[in-house]
Amino acid sequence: MQRRCQVHRDLWREREGSEIGQGTHPWWPAGTARAAPGSPGSSMWSVCWLPVLTQLLLLRFLVAQPVSPIRVFVVPHSHMDVGWIYTVQESLRAYAANVYTTVVEQLMLQKQRRFIAVEQEYFRLWWDGIASYRQKRQVRHLLATRRLEFVIGGQVMHDETVAHFDDQILQLTEGHGFLYETFGIRPRFSWQIDSFGASATTPTLFALAGFHAHVISRIDYALKDTMQNSQGLQFVWRGSPTLSAQQEIFTHVLDQYNYCSEGFNWDGTAVFPNSPPDRVFHPKSVPITWNNINYYVSLLVDNVKERATWFRTPHLLWPWGCDKQFFNASLQFSNMDPLLDFINSNSSKLGISVEYATLADYFEAVQAHNASWRVHTHGDFLPYSSDPFQAWTGFYASRSGLKALARRASALLYAGESMFTRYMWPAPHQHLDPAWALKQLQRLRWAVSEVQHHDAITGTQSPKVRDMHEENLSSGMQGVQELMASIVRDRTPAHSDQEPVGHSAVVYNPLAWTVTTIVTLTVGFSRVSVTDESGQQVAAQIQESKKTQSAYDLHVLTTIPGLSYRYYSIRSTEGTQEETNQLGASLARTSNFGRKKKTPARPRDRHLIHVENDCYTVFLDRDTNLLHSIWERGSNRTVQVTQEFMEYHANADLKYGFVSDNFVFMPIDSAKSPWNSVGMQIVAGKLMTEIRQYFYRKVGDRNHTYAIYSRLAHVPLAQGAELLCRRIEQEYRVGPLELNREAILRTSTSLHNKQVLHSDNNGYQMQRRVFQKYSSNGIARNYYPMAQSAFIEDGRSRLVLLSKQAHGVSSQENGQVEVMLHRRLWNNFDWALDYDLTLNDTSTVYPVLWLLLGPQSLTTRLRQRCGLALQRAPVVLLRELNESAQIFPGSQRQQEAVTLPPSLHLQILSIPGWNYSSNHTEHLQDLQKRHRGKAKADLRRVLLRLHHLYEEGEDPVLSQPVRVNLQAVLQGLGSVGAVEERSLTGTWDGNTLHRWSWRTQEPPHHRGRNIYNEKYPKAHVMVKLLKTKEKHSKAARENKRCITDKGRTV
């Protein structure tokens, strides 16, 4: 979306949808009035009068021109946000469907016309529900003749900052699978032009998907200006420090004009909620007539010559379009056609030639030029600022509730995929319809893919679009939960029992290693007995719920092998563990500490109390009820650690200065303390101890606004519970906030990090962030996204934060790390009020962080696996324990566990449902035979993707390449008919995928290898399974790709 350009120091405005008045167009000479509009028909040209106009127009161009004209590639496109201000269905009705209908029609009329299509969601809705058979045949013809090109090819144009890379791969895989199954095509170029900053993860993923080149736009304004002046907008990007040149990609940064071509949009403004019945729109630009051709030629030629100086080759990518454009493509092309014809007929005098083009056309020309390009290493382009006072770092925490829901949906989908795959093979049971099951997974895949859009997971949308995403996610989650419950019921035969006696819980571990953890359930009784599937008592702890009155939190210690589940029966009893002397649910004891008023910090004797386990001792100050310090056993070091909530205040009135909003973080001043007293409880039990700290705005308040719930597990390291012992789990309660407040958790330590922070790119790789001194807006411009993890360190210790969802993070002072948790904003900007984009979020949110403290070697080894334990936690399926849901010893049936080496992660194990031949030529032939039909889902094709968790050199042991026994990984799935390496999204055979090579300004011996051309095992494979007694394999492979944290093949 085209948004937010700075006009004056105290004013910003939205460009999308605004009219450009006379004399105000950025390329329009001051004081020049527009020509009177002509009729649409007058824009159709006859060449007979062109020489006359040439004499009148070209006097200003009769100067020496370059020997070779600038070759201008006019790339028609329409930027169609999948949500933002309007819902998907509203946009589909108002303009999106018309884009495809009219573009296809107009491309068929003239062979020289071109168009690139980006967001797959709208196209798929149009294709499946609107397009006629004739239009579908036309689309196939346009693709075959390279006049229509799909770029990116994912379900959406995903966010690059707060989206997790697992979900980015999912949405790419969803879109690419549809395109390949339907048309046999595979996108080769990106168009990532509206994400708010550019992550180093994205070019790596696109390279692994087979892309030749990558297009971005939104990078820091000052950096873009520098790159323009030095002709540095094009470079070879090596996004991964481990893969390096193996998966580099040529990258093109759009210049300061971004992706819009203001002054050349003739199809008007989209009308919501529905298109006008007469299909008459008010044009944004004056239609071309013989009276105004001079103006348009001057406008385009001057713009081209300005931009051409910013690039090293005589080729210019000139995006034609903008937000919600080309819904009346006939007006667009009927005006641009004669303009291009006129310029080309005078090319030698004007110094330029122009042509409609796709990205393939443009990049083929640049690649053929054979220039030598500079290399950009794995650093990213974050954060994004559009000017000194507009740092787009607020959205890292906007709509925290939606961010949390999206991540929970992703985790549930991940678990449901592997459970269904394991259920289906070697032979499914009769009680579950596989077609229904696959549909539930596909619905949640669609919803999770959709919410990765750069105006969805970012929280920058209107409330009604947020509601759309939440409804789609919740509905999809409900379907997958029903699927998983059905699988469990099928695996657990029912037995008769007349009265309900409690609950049964099935706990599924979706990770491919054994997990020891504590799961928490809410029950209505305080005396509990918990038994497992063999009837044995299980270690458990009961305590008063911290959230729900008259309810109890039941904590159960569980150890679950990889891709397996455990059964538990939960019954009300007459006694506790202490009374019966049996291993049951022990009753935790609560100690209350009176509220303490906030007092100025001063040196004094501290009255400390402590909570400890085998890994940490946590010290709390009884005088303040705040955290004081943590002793870490491995290094025998005590680190001073304090935590408190703070708030940044935001301006609400434009006449007094800049404002914070959905996108931008613009605090008035440094953060202020919002609380005046703190209460504390310590809930101590045999299984775990919980520290509850309550923060009150006023001393006399009954209700707290903020809370920290910290947990330490009492489990010995010797029992395989290292990840559980070495983490301090924290959950926070934040809200509801007062208006124009941005809430942070500030953790201050004795670590001398010198304001150097490390934060992750999309949960994939870490980036070093050095605090920058800015003359203005320094707080906001030193915020970075934390999709999953961040840490600060000194020479002895490292403090790691692992997050369950995305946040903003910063190190504003030495030894400090602050995390933005929640935002509530309002301002009086008319445009934001009209579209309800003021972020007046009154919700209460419950973010989760896990803390790891220890030496660098220890935290390096634990960070990735502990992060996965948080992101992919066991799924609990709870139901009434009665006659239809009894657990008896030996009644459960499940396959053997899966255990991968400690450096590998099973990134996905699923049945996509794709149905196409693994042989590309055969697939194209099959498509020719079944234009009208839709392929039946292939349930024998399994997608397997492995991920190496560690960077090259990060750990002396865990960073090493690993050989994987696929027979062991796939045990329990039956006979394997074929295993094939595939590209990241599964559409390319790894042996046939070849990407363009780009010359770089470095010695050849520094270049790495293309991993798809190597002879050792790769990382993405497709697996084909055989039915019982089947002798010949058919088509069922999956995409298995082992990347060492960032791509090294294993």
# chains A, B, ... in the order shown; residues from 1 in each chain; ligands from 1
>>> residues_around(residues="A:Trp237", least_positions_apart="3", cutoff="7 Å", atoms="only C-alpha atoms", output="JSON list (two decimals) with N, CA, C and O atoms, in the first residue's frame")
[["chain", "number", "residue", "atom", "x", "y", "z"],
["A", 248, "GLU", "N", 22.93, -17.02, -2.88],
["A", 248, "GLU", "CA", 22.85, -15.59, -3.10],
["A", 248, "GLU", "C", 21.76, -15.29, -4.13],
["A", 248, "GLU", "O", 21.36, -16.17, -4.90],
["A", 249, "ILE", "N", 21.31, -14.03, -4.15],
["A", 249, "ILE", "CA", 20.28, -13.67, -5.12],
["A", 249, "ILE", "C", 20.48, -12.21, -5.53],
["A", 249, "ILE", "O", 20.84, -11.35, -4.72],
["A", 250, "PHE", "N", 20.30, -11.95, -6.81],
["A", 250, "PHE", "CA", 20.39, -10.57, -7.31],
["A", 250, "PHE", "C", 19.20, -9.79, -6.79],
["A", 250, "PHE", "O", 18.05, -10.22, -6.87],
["A", 251, "THR", "N", 19.48, -8.60, -6.24],
["A", 251, "THR", "CA", 18.45, -7.81, -5.57],
["A", 251, "THR", "C", 18.37, -6.42, -6.19],
["A", 251, "THR", "O", 19.40, -5.77, -6.42],
["A", 375, "VAL", "N", 28.57, -7.07, -3.53],
["A", 375, "VAL", "CA", 27.94, -8.08, -2.68],
["A", 375, "VAL", "C", 27.48, -7.45, -1.38],
["A", 375, "VAL", "O", 28.23, -6.69, -0.74],
["A", 376, "HIS", "N", 26.25, -7.72, -1.01],
["A", 376, "HIS", "CA", 25.74, -7.33, 0.30],
["A", 376, "HIS", "C", 25.67, -8.59, 1.15],
["A", 376, "HIS", "O", 25.05, -9.59, 0.75],
["A", 377, "THR", "N", 26.32, -8.57, 2.30],
["A", 377, "THR", "CA", 26.35, -9.77, 3.13],
["A", 377, "THR", "C", 25.06, -9.91, 3.91],
["A", 377, "THR", "O", 24.06, -9.25, 3.61]]
>>> residues_around(residues="A:Leu626", least_positions_apart="3", cutoff="12 Å", atoms="only C-alpha atoms", output="PyMOL selection string")
chain A and resi 593+595-599+601+606-610+618-623+629+640-645+677-681+691-695+707-708+710+747-748
>>> residues_around(residues="A:Glu731", least_positions_apart="2", cutoff="9 Å", atoms="only C-alpha atoms", output="list in words")
Ala707, Ile708, Tyr709, Ser710, Arg711, Glu729, Arg733, Tyr846, Pro847, Val848, Leu849 and Trp850 of chain A
>>> residues_around(residues="A:Tyr384", least_positions_apart="6", cutoff="9 Å", atoms="only C-alpha atoms", output="number ranges by chain")
A: 196-198, 218-221, 390-393, 781
>>> write_last_selection(atoms="all heavy atoms", output="mmCIF file, in the first residue's frame")
data_model
loop_
_atom_site.group_PDB
_atom_site.id
_atom_site.type_symbol
_atom_site.label_atom_id
_atom_site.label_comp_id
_atom_site.auth_asym_id
_atom_site.auth_seq_id
_atom_site.Cartn_x
_atom_site.Cartn_y
_atom_site.Cartn_z
ATOM 1 N N PHE A 196 7.422 -3.675 5.356
ATOM 2 C CA PHE A 196 7.958 -2.493 6.027
ATOM 3 C C PHE A 196 9.370 -2.763 6.546
ATOM 4 O O PHE A 196 9.614 -2.910 7.741
ATOM 5 C CB PHE A 196 7.025 -2.082 7.161
ATOM 6 C CG PHE A 196 5.569 -2.108 6.764
ATOM 7 C CD1 PHE A 196 4.608 -2.614 7.613
ATOM 8 C CD2 PHE A 196 5.162 -1.638 5.523
ATOM 9 C CE1 PHE A 196 3.277 -2.652 7.248
ATOM 10 C CE2 PHE A 196 3.826 -1.676 5.145
ATOM 11 C CZ PHE A 196 2.878 -2.184 6.013
ATOM 12 N N GLY A 197 10.315 -2.785 5.630
ATOM 13 C CA GLY A 197 11.676 -3.170 5.912
ATOM 14 C C GLY A 197 11.978 -4.480 5.211
ATOM 15 O O GLY A 197 11.069 -5.211 4.804
ATOM 16 N N ALA A 198 13.250 -4.795 5.051
ATOM 17 C CA ALA A 198 13.658 -5.989 4.306
ATOM 18 C C ALA A 198 14.543 -6.859 5.182
ATOM 19 O O ALA A 198 15.617 -6.442 5.610
ATOM 20 C CB ALA A 198 14.399 -5.592 3.030
ATOM 21 N N ARG A 218 10.927 -0.799 0.487
ATOM 22 C CA ARG A 218 10.889 -0.008 1.718
ATOM 23 C C ARG A 218 12.132 -0.269 2.580
ATOM 24 O O ARG A 218 12.163 -1.199 3.383
ATOM 25 C CB ARG A 218 9.617 -0.307 2.502
ATOM 26 C CG ARG A 218 8.344 0.186 1.801
ATOM 27 C CD ARG A 218 7.148 0.102 2.733
ATOM 28 N NE ARG A 218 5.911 0.463 2.090
ATOM 29 C CZ ARG A 218 5.438 1.707 1.985
ATOM 30 N NH1 ARG A 218 6.126 2.713 2.491
ATOM 31 N NH2 ARG A 218 4.283 1.939 1.391
ATOM 32 N N ILE A 219 13.143 0.563 2.388
ATOM 33 C CA ILE A 219 14.309 0.565 3.244
ATOM 34 C C ILE A 219 14.503 1.988 3.762
ATOM 35 O O ILE A 219 13.837 2.917 3.303
ATOM 36 C CB ILE A 219 15.573 0.070 2.511
ATOM 37 C CG1 ILE A 219 15.953 1.028 1.385
ATOM 38 C CG2 ILE A 219 15.362 -1.337 1.967
ATOM 39 C CD1 ILE A 219 17.283 0.681 0.717
ATOM 40 N N ASP A 220 15.380 2.176 4.701
ATOM 41 C CA ASP A 220 15.567 3.478 5.328
ATOM 42 C C ASP A 220 15.791 4.572 4.285
ATOM 43 O O ASP A 220 16.569 4.398 3.340
ATOM 44 C CB ASP A 220 16.757 3.406 6.279
ATOM 45 C CG ASP A 220 16.955 4.693 7.052
ATOM 46 O OD1 ASP A 220 16.307 4.855 8.102
ATOM 47 O OD2 ASP A 220 17.744 5.540 6.591
ATOM 48 N N TYR A 221 15.093 5.690 4.477
ATOM 49 C CA TYR A 221 15.096 6.773 3.487
ATOM 50 C C TYR A 221 16.514 7.282 3.214
ATOM 51 O O TYR A 221 16.884 7.564 2.069
ATOM 52 C CB TYR A 221 14.201 7.921 3.968
ATOM 53 C CG TYR A 221 14.811 8.724 5.087
ATOM 54 C CD1 TYR A 221 15.459 9.926 4.851
ATOM 55 C CD2 TYR A 221 14.782 8.256 6.397
ATOM 56 C CE1 TYR A 221 16.057 10.645 5.864
ATOM 57 C CE2 TYR A 221 15.364 8.953 7.423
ATOM 58 C CZ TYR A 221 16.003 10.154 7.174
ATOM 59 O OH TYR A 221 16.592 10.846 8.185
ATOM 60 N N GLN A 390 9.662 9.433 11.159
ATOM 61 C CA GLN A 390 8.697 8.378 10.856
ATOM 62 C C GLN A 390 9.397 7.028 10.871
ATOM 63 O O GLN A 390 9.738 6.464 9.826
ATOM 64 C CB GLN A 390 8.044 8.614 9.497
ATOM 65 C CG GLN A 390 7.353 9.953 9.337
ATOM 66 C CD GLN A 390 6.028 9.994 10.083
ATOM 67 O OE1 GLN A 390 5.107 9.242 9.780
ATOM 68 N NE2 GLN A 390 5.924 10.874 11.055
ATOM 69 N N ALA A 391 9.649 6.512 12.074
ATOM 70 C CA ALA A 391 10.267 5.193 12.226
ATOM 71 C C ALA A 391 9.160 4.153 12.303
ATOM 72 O O ALA A 391 8.364 4.148 13.239
ATOM 73 C CB ALA A 391 11.130 5.157 13.481
ATOM 74 N N TRP A 392 9.130 3.263 11.338
ATOM 75 C CA TRP A 392 8.086 2.235 11.275
ATOM 76 C C TRP A 392 8.474 1.059 12.181
ATOM 77 O O TRP A 392 8.746 -0.049 11.720
ATOM 78 C CB TRP A 392 7.896 1.776 9.837
ATOM 79 C CG TRP A 392 7.342 2.833 8.921
ATOM 80 C CD1 TRP A 392 7.760 4.124 8.805
ATOM 81 C CD2 TRP A 392 6.284 2.687 7.983
ATOM 82 N NE1 TRP A 392 7.032 4.791 7.848
ATOM 83 C CE2 TRP A 392 6.117 3.920 7.324
ATOM 84 C CE3 TRP A 392 5.476 1.619 7.603
ATOM 85 C CZ2 TRP A 392 5.166 4.125 6.330
ATOM 86 C CZ3 TRP A 392 4.531 1.825 6.596
ATOM 87 C CH2 TRP A 392 4.376 3.059 5.983
ATOM 88 N N THR A 393 8.483 1.322 13.462
ATOM 89 C CA THR A 393 8.838 0.299 14.452
ATOM 90 C C THR A 393 7.723 0.061 15.454
ATOM 91 O O THR A 393 7.845 -0.832 16.297
ATOM 92 C CB THR A 393 10.120 0.713 15.198
ATOM 93 O OG1 THR A 393 9.928 2.000 15.815
ATOM 94 C CG2 THR A 393 11.301 0.786 14.248
ATOM 95 N N ARG A 781 14.045 4.694 16.437
ATOM 96 C CA ARG A 781 14.886 4.188 15.357
ATOM 97 C C ARG A 781 15.884 3.137 15.840
ATOM 98 O O ARG A 781 16.573 2.531 15.026
ATOM 99 C CB ARG A 781 15.601 5.351 14.667
ATOM 100 C CG ARG A 781 14.629 6.315 13.991
ATOM 101 C CD ARG A 781 15.327 7.462 13.305
ATOM 102 N NE ARG A 781 16.004 7.035 12.088
ATOM 103 C CZ ARG A 781 16.704 7.859 11.312
ATOM 104 N NH1 ARG A 781 16.813 9.145 11.635
ATOM 105 N NH2 ARG A 781 17.292 7.421 10.215
#
>>> residues_around(residues="A:Phe206", least_positions_apart="3", cutoff="12 Å", atoms="only C-alpha atoms", output="count of residues only")
43
>>> residues_around(residues="A:Thr520", least_positions_apart="6", cutoff="10 Å", atoms="only C-alpha atoms", output="count of residues only")
10
>>> residues_around(residues="A:Thr531", least_positions_apart="5", cutoff="8 Å", atoms="only C-alpha atoms", output="MDAnalysis selection string")
chainID A and resid 536:538 568:570
>>> atom_distance(atom1="atom CA of A:Leu107", atom2="atom CA of A:Tyr122")
18.7 Å
>>> atom_distance(atom1="atom CA of A:Pro463", atom2="atom CA of A:Pro383")
25.3 Å
>>> select_by_dssp(residues="stretch 656-721 of chain A", states="helix (DSSP H, G or I)", output="list of chain:residue names")
A:Tyr656, A:Leu717, A:Ala718, A:Gln719
>>> select_by_dssp(residues="stretch 640-697 of chain A", states="strand (DSSP E)", output="ChimeraX atom specification")
/A:640-649,677-684,688-696
>>> atom_distance(atom1="atom CA of A:Trp914", atom2="atom CA of A:Glu181")
6.9 Å
>>> closest_residue(among="A:Gly594, A:Gly129, A:Gly685, A:Gly634", to="A:Val699", atoms="only C-alpha atoms")
A:Gly594
